[in-house]
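Quick look at run-v3.cif (mmCIF, C-alpha atoms):
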data_start
loop_
_atom_site.label_atom_id
_atom_site.label_comp_id
_atom_site.auth_asym_id
_atom_site.auth_seq_id
_atom_site.Cartn_x
_atom_site.Cartn_y
_atom_site.Cartn_z
CA LYS A 719 -35.66 35.09 -24.90
CA ILE A 720 -36.56 34.54 -21.26
CA VAL A 721 -36.44 30.80 -21.80
CA ASP A 722 -33.07 31.13 -23.53
CA CYS A 723 -31.69 33.16 -20.62
CA LYS A 724 -32.80 30.53 -18.14
CA PHE A 725 -31.26 27.86 -20.32
CA GLU A 726 -27.98 29.75 -20.48
CA LYS A 727 -27.95 30.14 -16.70
CA LYS A 728 -28.42 26.42 -16.27
CA LYS A 729 -25.95 25.52 -18.95
CA LYS A 730 -23.16 27.77 -17.74
CA PRO A 731 -22.76 26.28 -14.26
CA PHE A 732 -22.91 22.78 -15.75
CA SER A 733 -20.14 23.68 -18.19
CA PHE A 734 -18.08 25.18 -15.36
CA ILE A 735 -18.39 22.10 -13.18
CA HIS A 736 -17.46 19.86 -16.08
CA HIS A 737 -14.28 21.79 -16.82
CA GLU A 738 -13.40 22.00 -13.16
CA SER A 739 -13.60 18.23 -12.70
CA THR A 740 -11.50 17.76 -15.81
CA ALA A 741 -8.89 20.15 -14.50
CA THR A 742 -8.71 18.45 -11.13
CA MET A 743 -7.95 15.09 -12.70
CA ALA A 744 -4.26 16.02 -12.40
CA SER A 745 -4.50 15.76 -8.60
CA PRO A 746 -5.21 12.03 -7.98
CA ASP A 747 -1.60 11.00 -8.65
CA LEU A 748 -0.28 13.66 -6.26
CA SER A 749 -2.88 12.85 -3.59
CA THR A 750 -2.04 9.15 -3.95
CA ALA A 751 1.66 9.96 -3.53
CA LEU A 752 0.89 11.89 -0.35
CA PHE A 753 -1.25 8.99 0.86
CA MET A 754 1.57 6.51 0.23
CA VAL A 755 4.09 8.76 2.01
CA ALA A 756 1.79 9.06 5.03
CA HIS A 757 1.20 5.28 4.93
CA ALA A 758 4.93 4.49 4.93
CA LEU A 759 5.80 7.06 7.61
CA GLY A 760 2.94 5.82 9.78
CA ASN A 761 4.27 2.26 9.65
CA ALA A 762 7.78 3.51 10.43
CA LEU A 763 6.39 5.37 13.45
CA LEU A 764 4.60 2.21 14.62
CA VAL A 765 7.84 0.22 14.46
CA HIS A 766 9.68 2.91 16.36
CA SER A 767 7.02 3.42 19.05
CA LEU A 768 5.78 -0.17 19.55
CA LEU A 769 8.71 -2.50 18.86
CA PHE A 770 11.85 -0.52 19.64
CA PRO A 771 10.94 0.12 23.32
CA THR A 772 10.61 -3.65 23.79
CA LEU A 773 14.01 -4.18 22.18
CA GLU A 774 15.57 -1.50 24.39
CA MET A 775 14.24 -3.15 27.56
CA ASP A 776 15.39 -6.57 26.40
CA SER A 777 18.85 -5.23 25.55
CA VAL A 778 19.39 -4.58 29.28
CA THR A 779 18.22 -8.02 30.44
CA MET A 780 20.05 -9.83 27.62
CA ALA A 781 23.32 -7.90 27.84
CA HIS A 782 25.15 -10.83 29.45
CA MET A 783 24.02 -13.35 26.80
CA ASP A 784 26.04 -14.66 23.91
CA PRO A 785 25.30 -12.83 20.61
CA SER A 786 24.18 -16.05 18.93
CA ILE A 787 21.61 -16.63 21.69
CA ILE A 788 20.32 -13.07 21.37
CA ILE A 789 19.88 -13.46 17.63
CA SER A 790 18.08 -16.78 17.99
CA THR A 791 15.63 -15.33 20.55
CA GLN A 792 12.50 -14.09 18.82
CA ILE A 793 10.65 -10.99 19.91
CA PRO A 794 7.62 -11.68 22.14
CA PRO A 795 4.65 -12.80 20.00
CA LYS A 796 2.42 -10.53 22.10
CA SER A 797 4.38 -7.50 20.87
CA ALA A 798 4.18 -8.75 17.29
CA VAL A 799 0.41 -9.26 17.52
CA PHE A 800 -0.11 -5.77 18.94
CA PHE A 801 2.06 -4.30 16.19
CA VAL A 802 0.21 -6.09 13.37
CA VAL A 803 -3.21 -5.11 14.77
CA SER A 804 -2.05 -1.49 15.11
CA SER A 805 -0.83 -1.53 11.51
CA LEU A 806 -4.19 -2.92 10.40
CA LEU A 807 -6.02 -0.12 12.22
CA TRP A 808 -3.66 2.44 10.69
CA ASN A 809 -4.33 1.07 7.21
CA VAL A 810 -8.10 1.17 7.72
CA THR A 811 -7.99 4.70 9.16
CA ILE A 812 -5.80 6.32 6.54
CA GLY A 813 -7.39 4.31 3.73
CA SER A 814 -10.90 5.36 4.75
CA ALA A 815 -9.83 9.00 5.07
CA PHE A 816 -8.16 8.97 1.66
CA ARG A 817 -11.14 7.21 0.12
CA TYR A 818 -13.56 9.80 1.50
CA MET A 819 -11.46 12.82 0.46
CA THR A 820 -10.88 11.58 -3.11
CA LYS A 821 -14.25 9.98 -3.86
CA GLU A 822 -15.11 12.79 -6.28
CA ASN A 823 -12.00 12.03 -8.35
CA ASN A 824 -12.81 8.35 -8.84
CA ASN A 825 -13.83 7.10 -12.23
CA PRO A 826 -17.50 7.88 -12.95
CA GLY A 827 -18.32 4.25 -13.58
CA GLN A 828 -16.53 3.10 -10.47
CA SER A 829 -18.74 3.57 -7.45
CA LEU A 830 -17.42 3.32 -3.93
CA HIS A 831 -20.71 1.84 -2.75
CA GLN A 832 -21.09 -1.08 -5.11
CA HIS A 833 -21.07 -3.51 -2.19
CA SER A 834 -22.34 -3.30 1.35
CA VAL A 835 -19.76 -2.61 4.05
CA PRO A 836 -19.92 -6.13 5.62
CA SER A 837 -19.46 -7.86 2.27
CA GLU A 838 -16.61 -5.50 1.43
CA ILE A 839 -14.87 -6.26 4.73
CA VAL A 840 -15.27 -9.99 4.13
CA GLN A 841 -13.82 -9.55 0.66
CA TYR A 842 -10.79 -7.67 1.99
CA PHE A 843 -10.07 -10.27 4.65
CA ARG A 844 -10.39 -13.09 2.12
CA ILE A 845 -7.79 -11.42 -0.07
CA ILE A 846 -5.53 -10.66 2.90
CA PHE A 847 -5.75 -14.23 4.19
CA GLY A 848 -4.95 -15.66 0.75
CA ALA A 849 -2.01 -13.28 0.34
CA THR A 850 -0.80 -14.15 3.85
CA ILE A 851 -0.70 -17.85 2.96
CA ILE A 852 1.24 -17.09 -0.23
CA ILE A 853 3.73 -14.83 1.57
CA HIS A 854 4.10 -17.30 4.44
CA GLY A 855 4.92 -20.03 1.93
CA THR A 856 7.41 -17.71 0.24
CA PHE A 857 9.17 -17.11 3.56
CA ILE A 858 9.48 -20.87 4.04
CA LEU A 859 10.83 -21.33 0.51
CA CYS A 860 13.40 -18.60 1.21
CA GLY A 861 14.85 -20.53 4.12
CA ASN A 862 12.62 -20.06 7.17
CA HIS A 863 11.97 -23.38 8.89
CA PRO A 864 8.21 -24.09 8.89
CA PHE A 865 8.27 -25.08 12.57
CA ASP A 866 10.75 -22.45 13.77
CA HIS A 867 8.82 -19.47 15.21
CA PRO A 868 5.69 -20.24 13.13
CA LEU A 869 3.52 -17.62 14.87
CA ASN A 870 5.93 -14.75 14.23
CA THR A 871 6.39 -15.92 10.65
CA PHE A 872 2.62 -15.90 10.13
CA LEU A 873 2.32 -12.46 11.78
CA SER A 874 5.07 -11.10 9.54
CA ALA A 875 3.32 -12.47 6.47
CA SER A 876 0.05 -10.92 7.70
CA TYR A 877 1.74 -7.55 8.15
CA ILE A 878 3.13 -7.62 4.60
CA ALA A 879 -0.23 -8.74 3.16
CA ILE A 880 -2.15 -6.03 5.02
CA ASN A 881 0.18 -3.27 3.82
CA ILE A 882 0.10 -4.50 0.23
CA ILE A 883 -3.58 -5.41 -0.17
CA LEU A 884 -5.47 -2.71 1.74
CA PRO A 885 -3.86 0.39 0.17
CA VAL A 886 -4.65 -0.92 -3.31
CA ASN A 887 -8.19 -2.14 -2.66
CA MET A 888 -9.59 0.33 -0.11
CA ASN A 889 -9.05 3.63 -1.89
CA GLY A 890 -10.90 2.81 -5.11
CA ILE A 891 -7.78 2.79 -7.31
CA ALA A 892 -8.17 -0.84 -8.35
CA SER A 893 -11.05 -1.68 -10.64
CA PRO A 894 -13.79 -3.96 -9.28
CA HIS A 895 -12.47 -6.93 -11.28
CA GLU A 896 -9.04 -6.39 -9.69
CA LYS A 897 -10.32 -6.78 -6.13
CA ASN A 898 -9.11 -10.35 -5.69
CA ILE A 899 -5.71 -11.97 -5.32
CA ARG A 900 -5.18 -12.47 -9.05
CA GLY A 901 -6.33 -8.95 -9.90
CA THR A 902 -4.19 -7.39 -7.18
CA ILE A 903 -1.12 -9.31 -8.36
CA HIS A 904 -1.79 -8.15 -11.93
CA PHE A 905 -2.18 -4.56 -10.69
CA LEU A 906 1.15 -4.74 -8.80
CA LEU A 907 3.13 -6.73 -11.36
CA GLY A 908 1.34 -5.98 -14.64
CA PRO A 909 2.51 -3.64 -17.40
CA ILE A 910 2.30 0.10 -16.80
CA LEU A 911 1.62 1.72 -20.17
CA PRO A 912 -0.10 -0.02 -23.08
CA HIS A 913 1.78 0.23 -26.38
CA GLU A 914 -0.84 2.51 -27.92
CA LEU A 915 -0.80 4.91 -24.98
CA ALA A 916 2.98 4.99 -24.88
CA LYS A 917 3.01 6.14 -28.51
CA ASN A 918 0.36 8.77 -27.90
CA ASN A 919 2.06 11.95 -26.67
CA ASP A 920 -1.00 14.16 -27.07
CA LYS A 921 -1.30 15.60 -23.55
CA SER A 922 -4.27 17.74 -24.60
CA ASN A 923 -6.41 14.63 -25.00
CA VAL A 924 -8.49 14.25 -21.83
CA HIS A 925 -8.82 10.46 -22.05
CA SER A 926 -5.11 10.00 -22.68
CA ARG A 927 -4.25 12.28 -19.75
CA GLN A 928 -6.58 10.40 -17.42
CA GLN A 929 -5.10 7.08 -18.50
CA ARG A 930 -1.59 8.34 -17.87
CA GLN A 931 -2.58 9.49 -14.40
CA ARG A 932 -4.01 6.06 -13.62
CA PHE A 933 -0.86 4.32 -14.81
CA ARG A 934 1.26 6.82 -12.87
CA ILE A 935 -0.65 5.82 -9.74
CA GLN A 936 -0.20 2.15 -10.62
CA GLN A 937 3.53 2.66 -11.00
CA LEU A 938 3.66 4.28 -7.56
CA TYR A 939 2.11 1.17 -6.01
CA GLN A 940 4.37 -1.11 -8.00
CA TRP A 941 7.54 0.67 -6.84
CA SER A 942 6.25 0.56 -3.27
CA PHE A 943 5.69 -3.20 -3.57
CA LEU A 944 9.13 -3.66 -5.14
CA GLY A 945 10.70 -1.61 -2.35
CA VAL A 946 9.09 -3.85 0.27
CA CYS A 947 10.45 -6.99 -1.42
CA VAL A 948 13.95 -5.58 -1.91
CA GLY A 949 14.01 -4.16 1.62
CA MET A 950 13.11 -7.51 3.18
CA GLY A 951 15.72 -9.27 1.06
CA ALA A 952 18.42 -6.74 1.90
CA CYS A 953 17.73 -6.83 5.64
CA THR A 954 18.07 -10.60 5.82
CA ILE A 955 21.80 -9.93 6.07
CA LEU A 956 21.06 -8.93 9.67
CA ARG A 957 20.36 -12.59 10.38
CA ILE A 958 23.81 -13.54 9.15
CA LEU A 959 25.85 -11.00 11.12
CA ASP A 960 26.90 -12.24 14.55
CA HIS A 961 26.78 -8.92 16.40
CA GLY A 962 24.02 -9.73 18.87
CA MET A 963 22.00 -6.59 18.00
CA GLN A 964 18.38 -6.48 19.08
CA ILE A 965 17.21 -5.66 15.55
CA GLN A 966 18.62 -9.02 14.46
CA ARG A 967 16.00 -10.87 16.48
CA TYR A 968 13.33 -12.55 14.38
CA PRO A 969 11.19 -11.18 12.75
CA MET A 970 12.65 -7.66 13.08
CA PRO A 971 14.72 -7.92 9.84
CA ILE A 972 11.51 -8.63 7.89
CA LEU A 973 9.54 -5.78 9.50
CA ILE A 974 12.35 -3.21 9.30
CA GLY A 975 13.16 -4.20 5.72
CA ALA A 976 9.52 -3.87 4.69
CA VAL A 977 9.15 -0.42 6.29
CA VAL A 978 12.43 1.02 4.97
CA GLY A 979 11.86 -0.56 1.55
CA GLU A 980 8.38 0.94 1.31
CA CYS A 981 9.71 4.43 2.09
CA PHE A 982 12.36 4.21 -0.64
CA GLY A 983 9.92 2.55 -3.04
CA VAL A 984 7.37 5.34 -2.69
CA LEU A 985 10.10 7.93 -3.31
CA LEU A 986 11.34 6.15 -6.42
CA GLY A 987 7.77 5.56 -7.62
CA PHE A 988 7.02 9.26 -7.40
CA VAL A 989 10.19 10.17 -9.33
CA MET A 990 9.62 7.51 -11.99
CA GLY A 991 5.96 8.49 -12.29
CA MET A 992 7.00 11.98 -13.36
CA LEU A 993 8.56 10.41 -16.47
CA ILE A 994 5.23 9.02 -17.73
#
Encoded form using structure tokens:
Amino acid sequence: KIVDCKFEKKKKPFSFIHHESTATMASPDLSTALFMVAHALGNALLVHSLLFPTLEMDSVTMAHMDPSIIISTQIPPKSAVFFVVSSLLWNVTIGSAFRYMTKENNNPGQSLHQHSVPSEIVQYFRIIFGATIIIHGTFILCGNHPFDHPLNTFLSASYIAINIILPVNMNGIASPHEKNIRGTIHFLLGPILPHELAKNNDKSNVHSRQQRQRFRIQQLYQWSFLGVCVGMGACTILRILDHGMQIQRYPMPILIGAVVGECFGVLLGFVMGMLI
């Protein structure tokens, strides 16, 4: 009897912890939504605090210029470099904080310490560099002259790559086999719900519920990515208007479009995720 009592005392806490972790599996999608909101608002704050003051000072010195000259004058590359580096530091800071706070909610078979920190950093930068080349090429195909403001074009592509790649890969959402360019593209553009899971409406099934939460998180990232693309495309109209506004200077339409598009994409992703 004494042995049985000791066994029951050991078994009961184990059972409690098990049920508690199962119950908290509903929180990763909400915590990811909060992370994405903070990520988008942080980038918006960086644009407002780092780039807009430069534009305001230039608006005084360029007030006498023709609007077409103002539009064709790029923002100082030094300001663009500082902005991209600040965005990189913001991504690393908020990604590391989110990763630490949610490490207990990661999949049991998915360890955050599978690789050493240096190799992980090298892996991230390899993916970011590859994505930057792809995005840079896409900008050129969309009409940007390859030799017209090449540094600012490359910095803009780097900014987009950083804000697409790091949130997906740093916080442990993507599986290990997805931590490359092909896997990240599949994660952002791949299907949300498998056919079998879409037909299974049994919300009491733990595995089904966990799968739905993962796909809800995936949909949040996909809508954020779509918002960035649509925002950049929509803001290219600023390059056509001949109003001589400072936000028309290259590459401000790309950066503003990406930030605004991400904010709306995260909002839509959260709403659409509630339907899964």
I'd like the neighbourhood of range 956-959 of chain A as a PDB file with C-alpha atoms, keeping the file's coordinate frame, where a residue qualifies if any of its atoms comes within 12 Å (using all atoms listed in the file), though same-chain residues fewer than 2 positions away should be ignored.
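Output file out.pdb is given in full below:
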ATOM      1  CA  PRO A 785      25.300 -12.830  20.610  1.00  0.00           C
ATOM      2  CA  SER A 786      24.180 -16.050  18.930  1.00  0.00           C
ATOM      3  CA  ILE A 788      20.320 -13.070  21.370  1.00  0.00           C
ATOM      4  CA  ILE A 789      19.880 -13.460  17.630  1.00  0.00           C
ATOM      5  CA  SER A 790      18.080 -16.780  17.990  1.00  0.00           C
ATOM      6  CA  THR A 791      15.630 -15.330  20.550  1.00  0.00           C
ATOM      7  CA  GLN A 792      12.500 -14.090  18.820  1.00  0.00           C
ATOM      8  CA  GLY A 861      14.850 -20.530   4.120  1.00  0.00           C
ATOM      9  CA  ASN A 862      12.620 -20.060   7.170  1.00  0.00           C
ATOM     10  CA  GLY A 949      14.010  -4.160   1.620  1.00  0.00           C
ATOM     11  CA  MET A 950      13.110  -7.510   3.180  1.00  0.00           C
ATOM     12  CA  GLY A 951      15.720  -9.270   1.060  1.00  0.00           C
ATOM     13  CA  ALA A 952      18.420  -6.740   1.900  1.00  0.00           C
ATOM     14  CA  CYS A 953      17.730  -6.830   5.640  1.00  0.00           C
ATOM     15  CA  THR A 954      18.070 -10.600   5.820  1.00  0.00           C
ATOM     16  CA  HIS A 961      26.780  -8.920  16.400  1.00  0.00           C
ATOM     17  CA  GLY A 962      24.020  -9.730  18.870  1.00  0.00           C
ATOM     18  CA  MET A 963      22.000  -6.590  18.000  1.00  0.00           C
ATOM     19  CA  GLN A 964      18.380  -6.480  19.080  1.00  0.00           C
ATOM     20  CA  ILE A 965      17.210  -5.660  15.550  1.00  0.00           C
ATOM     21  CA  GLN A 966      18.620  -9.020  14.460  1.00  0.00           C
ATOM     22  CA  ARG A 967      16.000 -10.870  16.480  1.00  0.00           C
ATOM     23  CA  TYR A 968      13.330 -12.550  14.380  1.00  0.00           C
ATOM     24  CA  PRO A 969      11.190 -11.180  12.750  1.00  0.00           C
ATOM     25  CA  MET A 970      12.650  -7.660  13.080  1.00  0.00           C
ATOM     26  CA  PRO A 971      14.720  -7.920   9.840  1.00  0.00           C
ATOM     27  CA  ILE A 972      11.510  -8.630   7.890  1.00  0.00           C
ATOM     28  CA  LEU A 973       9.540  -5.780   9.500  1.00  0.00           C
ATOM     29  CA  ILE A 974      12.350  -3.210   9.300  1.00  0.00           C
ATOM     30  CA  GLY A 975      13.160  -4.200   5.720  1.00  0.00           C
TER      31      GLY A 975
END
Residues at most 9 Å from Tyr877 in chain A, counting all atoms listed in the file, excluding those fewer than 6 positions away in the same chain, as a PDB file with C-alpha atoms, in the coordinates of the input?
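What ended up in part13.pdb:
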ATOM      1  CA  PHE A 801       2.060  -4.300  16.190  1.00  0.00           C
ATOM      2  CA  VAL A 802       0.210  -6.090  13.370  1.00  0.00           C
ATOM      3  CA  VAL A 803      -3.210  -5.110  14.770  1.00  0.00           C
ATOM      4  CA  SER A 805      -0.830  -1.530  11.510  1.00  0.00           C
ATOM      5  CA  LEU A 806      -4.190  -2.920  10.400  1.00  0.00           C
ATOM      6  CA  THR A 850      -0.800 -14.150   3.850  1.00  0.00           C
ATOM      7  CA  LEU A 973       9.540  -5.780   9.500  1.00  0.00           C
TER       8      LEU A 973
END
Carefully work through the PyMOL selection byres ((chain A and resi 873) around 10) for this structure and note down the residues it includes, as a PDB file with C-alpha atoms, in the frame of the given file.
ATOM      1  CA  PRO A 795       4.650 -12.800  20.000  1.00  0.00           C
ATOM      2  CA  ALA A 798       4.180  -8.750  17.290  1.00  0.00           C
ATOM      3  CA  VAL A 799       0.410  -9.260  17.520  1.00  0.00           C
ATOM      4  CA  PHE A 801       2.060  -4.300  16.190  1.00  0.00           C
ATOM      5  CA  VAL A 802       0.210  -6.090  13.370  1.00  0.00           C
ATOM      6  CA  VAL A 803      -3.210  -5.110  14.770  1.00  0.00           C
ATOM      7  CA  THR A 850      -0.800 -14.150   3.850  1.00  0.00           C
ATOM      8  CA  HIS A 854       4.100 -17.300   4.440  1.00  0.00           C
ATOM      9  CA  PRO A 868       5.690 -20.240  13.130  1.00  0.00           C
ATOM     10  CA  LEU A 869       3.520 -17.620  14.870  1.00  0.00           C
ATOM     11  CA  ASN A 870       5.930 -14.750  14.230  1.00  0.00           C
ATOM     12  CA  THR A 871       6.390 -15.920  10.650  1.00  0.00           C
ATOM     13  CA  PHE A 872       2.620 -15.900  10.130  1.00  0.00           C
ATOM     14  CA  SER A 874       5.070 -11.100   9.540  1.00  0.00           C
ATOM     15  CA  ALA A 875       3.320 -12.470   6.470  1.00  0.00           C
ATOM     16  CA  SER A 876       0.050 -10.920   7.700  1.00  0.00           C
ATOM     17  CA  TYR A 877       1.740  -7.550   8.150  1.00  0.00           C
ATOM     18  CA  ILE A 878       3.130  -7.620   4.600  1.00  0.00           C
ATOM     19  CA  ALA A 879      -0.230  -8.740   3.160  1.00  0.00           C
ATOM     20  CA  PRO A 969      11.190 -11.180  12.750  1.00  0.00           C
TER      21      PRO A 969
END
| request: Can you turn the PyMOL selection byres ((chain A and resi 977-991) around 8) into a concrete residue list for this file, as number ranges by chain? | output: A: 751, 754-755, 758-759, 761-762, 934-935, 937-950, 973-976, 992-994
Keeping only C-alpha atoms, write the selected residues as a short mmCIF file (atom, residue, chain, number, x, y, z; two decimals), in the coordinates of the input.
data_model
loop_
_atom_site.label_atom_id
_atom_site.label_comp_id
_atom_site.auth_asym_id
_atom_site.auth_seq_id
_atom_site.Cartn_x
_atom_site.Cartn_y
_atom_site.Cartn_z
CA ALA A 751 1.66 9.96 -3.53
CA MET A 754 1.57 6.51 0.23
CA VAL A 755 4.09 8.76 2.01
CA ALA A 758 4.93 4.49 4.93
CA LEU A 759 5.80 7.06 7.61
CA ASN A 761 4.27 2.26 9.65
CA ALA A 762 7.78 3.51 10.43
CA ARG A 934 1.26 6.82 -12.87
CA ILE A 935 -0.65 5.82 -9.74
CA GLN A 937 3.53 2.66 -11.00
CA LEU A 938 3.66 4.28 -7.56
CA TYR A 939 2.11 1.17 -6.01
CA GLN A 940 4.37 -1.11 -8.00
CA TRP A 941 7.54 0.67 -6.84
CA SER A 942 6.25 0.56 -3.27
CA PHE A 943 5.69 -3.20 -3.57
CA LEU A 944 9.13 -3.66 -5.14
CA GLY A 945 10.70 -1.61 -2.35
CA VAL A 946 9.09 -3.85 0.27
CA CYS A 947 10.45 -6.99 -1.42
CA VAL A 948 13.95 -5.58 -1.91
CA GLY A 949 14.01 -4.16 1.62
CA MET A 950 13.11 -7.51 3.18
CA LEU A 973 9.54 -5.78 9.50
CA ILE A 974 12.35 -3.21 9.30
CA GLY A 975 13.16 -4.20 5.72
CA ALA A 976 9.52 -3.87 4.69
CA MET A 992 7.00 11.98 -13.36
CA LEU A 993 8.56 10.41 -16.47
CA ILE A 994 5.23 9.02 -17.73
#
| message | Considering only C-alpha atoms, can you say which of A:Ser797, A:Thr856, A:Thr779, A:Asn809 comes closest to Ser767 in chain A? | response | A:Ser797
| said: Rounded to one decimal, what separation in Å do you get between CA of Pro836 in chain A and CA of Ala756 in chain A? | reply: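 Pair CA of Pro836 in chain A / CA of Ala756 in chain A returns 26.5 Å.
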| Counting all atoms listed in the file, what is within 9 Å of Thr772 in chain A, bar same-chain residues fewer than 5 positions away, as a list in words? |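 Listing them by chain and then by number gives Ser777, Ile793, Pro794 and Ser797 of chain A.
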| task | Would you list the residues near (-5.1, 5.3, 3.3) (no more than 7 Å away, in the coordinates of the file, using all atoms listed in the file) as a list in words? | result |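 Here the neighbourhood of the point contains Phe753, His757, Asn809, Val810, Thr811, Ile812, Gly813, Ser814, Ala815, Phe816, Pro885 and Asn889 of chain A.
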| query | In Å, with one decimal, what is the gap from CA of Met780 in chain A to CA of Gly760 in chain A? | reply |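 It comes out at 29.3 Å.
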| Distance of CA of Tyr842 in chain A from CA of Pro909 in chain A, expressed in Å to one decimal place |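 Those two atoms sit 23.9 Å apart.
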| query | What residues come out when you apply the PyMOL selection byres ((chain A and resi 848) around 12) to this file, written as a ChimeraX atom specification? | reply | /A:841-847,849-855,875-876,879-880,883,898-900,902-903
| field | Minimum-distance residue to Asp960 in chain A, chosen among A:Leu859, A:Ile787, A:Val765, A:Val835 (using only C-alpha atoms) | value |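 Checking each of A:Leu859, A:Ile787, A:Val765, A:Val835 against Asp960 in chain A, counting only C-alpha atoms, the winner is A:Ile787.
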Could you add all heavy atoms to range 926-932 of chain A and give me the result as a PDB file, in the coordinates of the input?
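Writing done, so here's result_6.pdb:
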ATOM      1  N   SER A 926      -6.505  10.406 -22.769  1.00  0.00           N
ATOM      2  CA  SER A 926      -5.110  10.000 -22.680  1.00  0.00           C
ATOM      3  C   SER A 926      -4.480  10.501 -21.376  1.00  0.00           C
ATOM      4  O   SER A 926      -3.727   9.770 -20.725  1.00  0.00           O
ATOM      5  CB  SER A 926      -4.329  10.557 -23.881  1.00  0.00           C
ATOM      6  OG  SER A 926      -2.955  10.281 -23.751  1.00  0.00           O
ATOM      7  N   ARG A 927      -4.816  11.725 -20.976  1.00  0.00           N
ATOM      8  CA  ARG A 927      -4.250  12.280 -19.750  1.00  0.00           C
ATOM      9  C   ARG A 927      -4.751  11.522 -18.526  1.00  0.00           C
ATOM     10  O   ARG A 927      -3.982  11.245 -17.599  1.00  0.00           O
ATOM     11  CB  ARG A 927      -4.613  13.760 -19.648  1.00  0.00           C
ATOM     12  CG  ARG A 927      -3.927  14.474 -18.486  1.00  0.00           C
ATOM     13  CD  ARG A 927      -4.063  15.982 -18.575  1.00  0.00           C
ATOM     14  NE  ARG A 927      -5.445  16.420 -18.497  1.00  0.00           N
ATOM     15  CZ  ARG A 927      -6.121  16.946 -19.517  1.00  0.00           C
ATOM     16  NH1 ARG A 927      -5.534  17.084 -20.710  1.00  0.00           N
ATOM     17  NH2 ARG A 927      -7.371  17.341 -19.375  1.00  0.00           N
ATOM     18  N   GLN A 928      -6.029  11.152 -18.542  1.00  0.00           N
ATOM     19  CA  GLN A 928      -6.580  10.400 -17.420  1.00  0.00           C
ATOM     20  C   GLN A 928      -5.953   9.011 -17.327  1.00  0.00           C
ATOM     21  O   GLN A 928      -5.670   8.517 -16.233  1.00  0.00           O
ATOM     22  CB  GLN A 928      -8.099  10.302 -17.563  1.00  0.00           C
ATOM     23  CG  GLN A 928      -8.816  11.624 -17.380  1.00  0.00           C
ATOM     24  CD  GLN A 928     -10.310  11.503 -17.615  1.00  0.00           C
ATOM     25  OE1 GLN A 928     -10.806  10.428 -17.962  1.00  0.00           O
ATOM     26  NE2 GLN A 928     -11.029  12.585 -17.440  1.00  0.00           N
ATOM     27  N   GLN A 929      -5.736   8.398 -18.489  1.00  0.00           N
ATOM     28  CA  GLN A 929      -5.100   7.080 -18.500  1.00  0.00           C
ATOM     29  C   GLN A 929      -3.677   7.157 -17.971  1.00  0.00           C
ATOM     30  O   GLN A 929      -3.237   6.289 -17.204  1.00  0.00           O
ATOM     31  CB  GLN A 929      -5.099   6.512 -19.935  1.00  0.00           C
ATOM     32  CG  GLN A 929      -6.448   6.027 -20.409  1.00  0.00           C
ATOM     33  CD  GLN A 929      -6.829   4.689 -19.795  1.00  0.00           C
ATOM     34  OE1 GLN A 929      -6.229   4.251 -18.828  1.00  0.00           O
ATOM     35  NE2 GLN A 929      -7.826   4.040 -20.357  1.00  0.00           N
ATOM     36  N   ARG A 930      -2.953   8.184 -18.351  1.00  0.00           N
ATOM     37  CA  ARG A 930      -1.590   8.340 -17.870  1.00  0.00           C
ATOM     38  C   ARG A 930      -1.552   8.558 -16.361  1.00  0.00           C
ATOM     39  O   ARG A 930      -0.663   8.056 -15.678  1.00  0.00           O
ATOM     40  CB  ARG A 930      -0.905   9.510 -18.591  1.00  0.00           C
ATOM     41  CG  ARG A 930      -0.539   9.206 -20.028  1.00  0.00           C
ATOM     42  CD  ARG A 930       0.164  10.370 -20.698  1.00  0.00           C
ATOM     43  NE  ARG A 930       0.463  10.061 -22.080  1.00  0.00           N
ATOM     44  CZ  ARG A 930       1.533   9.366 -22.484  1.00  0.00           C
ATOM     45  NH1 ARG A 930       2.415   8.953 -21.587  1.00  0.00           N
ATOM     46  NH2 ARG A 930       1.726   9.101 -23.754  1.00  0.00           N
ATOM     47  N   GLN A 931      -2.525   9.282 -15.847  1.00  0.00           N
ATOM     48  CA  GLN A 931      -2.580   9.490 -14.400  1.00  0.00           C
ATOM     49  C   GLN A 931      -2.854   8.186 -13.677  1.00  0.00           C
ATOM     50  O   GLN A 931      -2.264   7.916 -12.630  1.00  0.00           O
ATOM     51  CB  GLN A 931      -3.642  10.536 -14.078  1.00  0.00           C
ATOM     52  CG  GLN A 931      -3.235  11.945 -14.463  1.00  0.00           C
ATOM     53  CD  GLN A 931      -4.402  12.908 -14.480  1.00  0.00           C
ATOM     54  OE1 GLN A 931      -5.521  12.533 -14.136  1.00  0.00           O
ATOM     55  NE2 GLN A 931      -4.159  14.132 -14.892  1.00  0.00           N
ATOM     56  N   ARG A 932      -3.738   7.363 -14.250  1.00  0.00           N
ATOM     57  CA  ARG A 932      -4.010   6.060 -13.620  1.00  0.00           C
ATOM     58  C   ARG A 932      -2.765   5.183 -13.627  1.00  0.00           C
ATOM     59  O   ARG A 932      -2.436   4.552 -12.621  1.00  0.00           O
ATOM     60  CB  ARG A 932      -5.154   5.356 -14.328  1.00  0.00           C
ATOM     61  CG  ARG A 932      -5.309   3.904 -13.867  1.00  0.00           C
ATOM     62  CD  ARG A 932      -6.519   3.227 -14.444  1.00  0.00           C
ATOM     63  NE  ARG A 932      -6.466   1.800 -14.212  1.00  0.00           N
ATOM     64  CZ  ARG A 932      -6.744   1.218 -13.054  1.00  0.00           C
ATOM     65  NH1 ARG A 932      -7.089   1.951 -12.017  1.00  0.00           N
ATOM     66  NH2 ARG A 932      -6.682  -0.085 -12.908  1.00  0.00           N
TER      67      ARG A 932
END
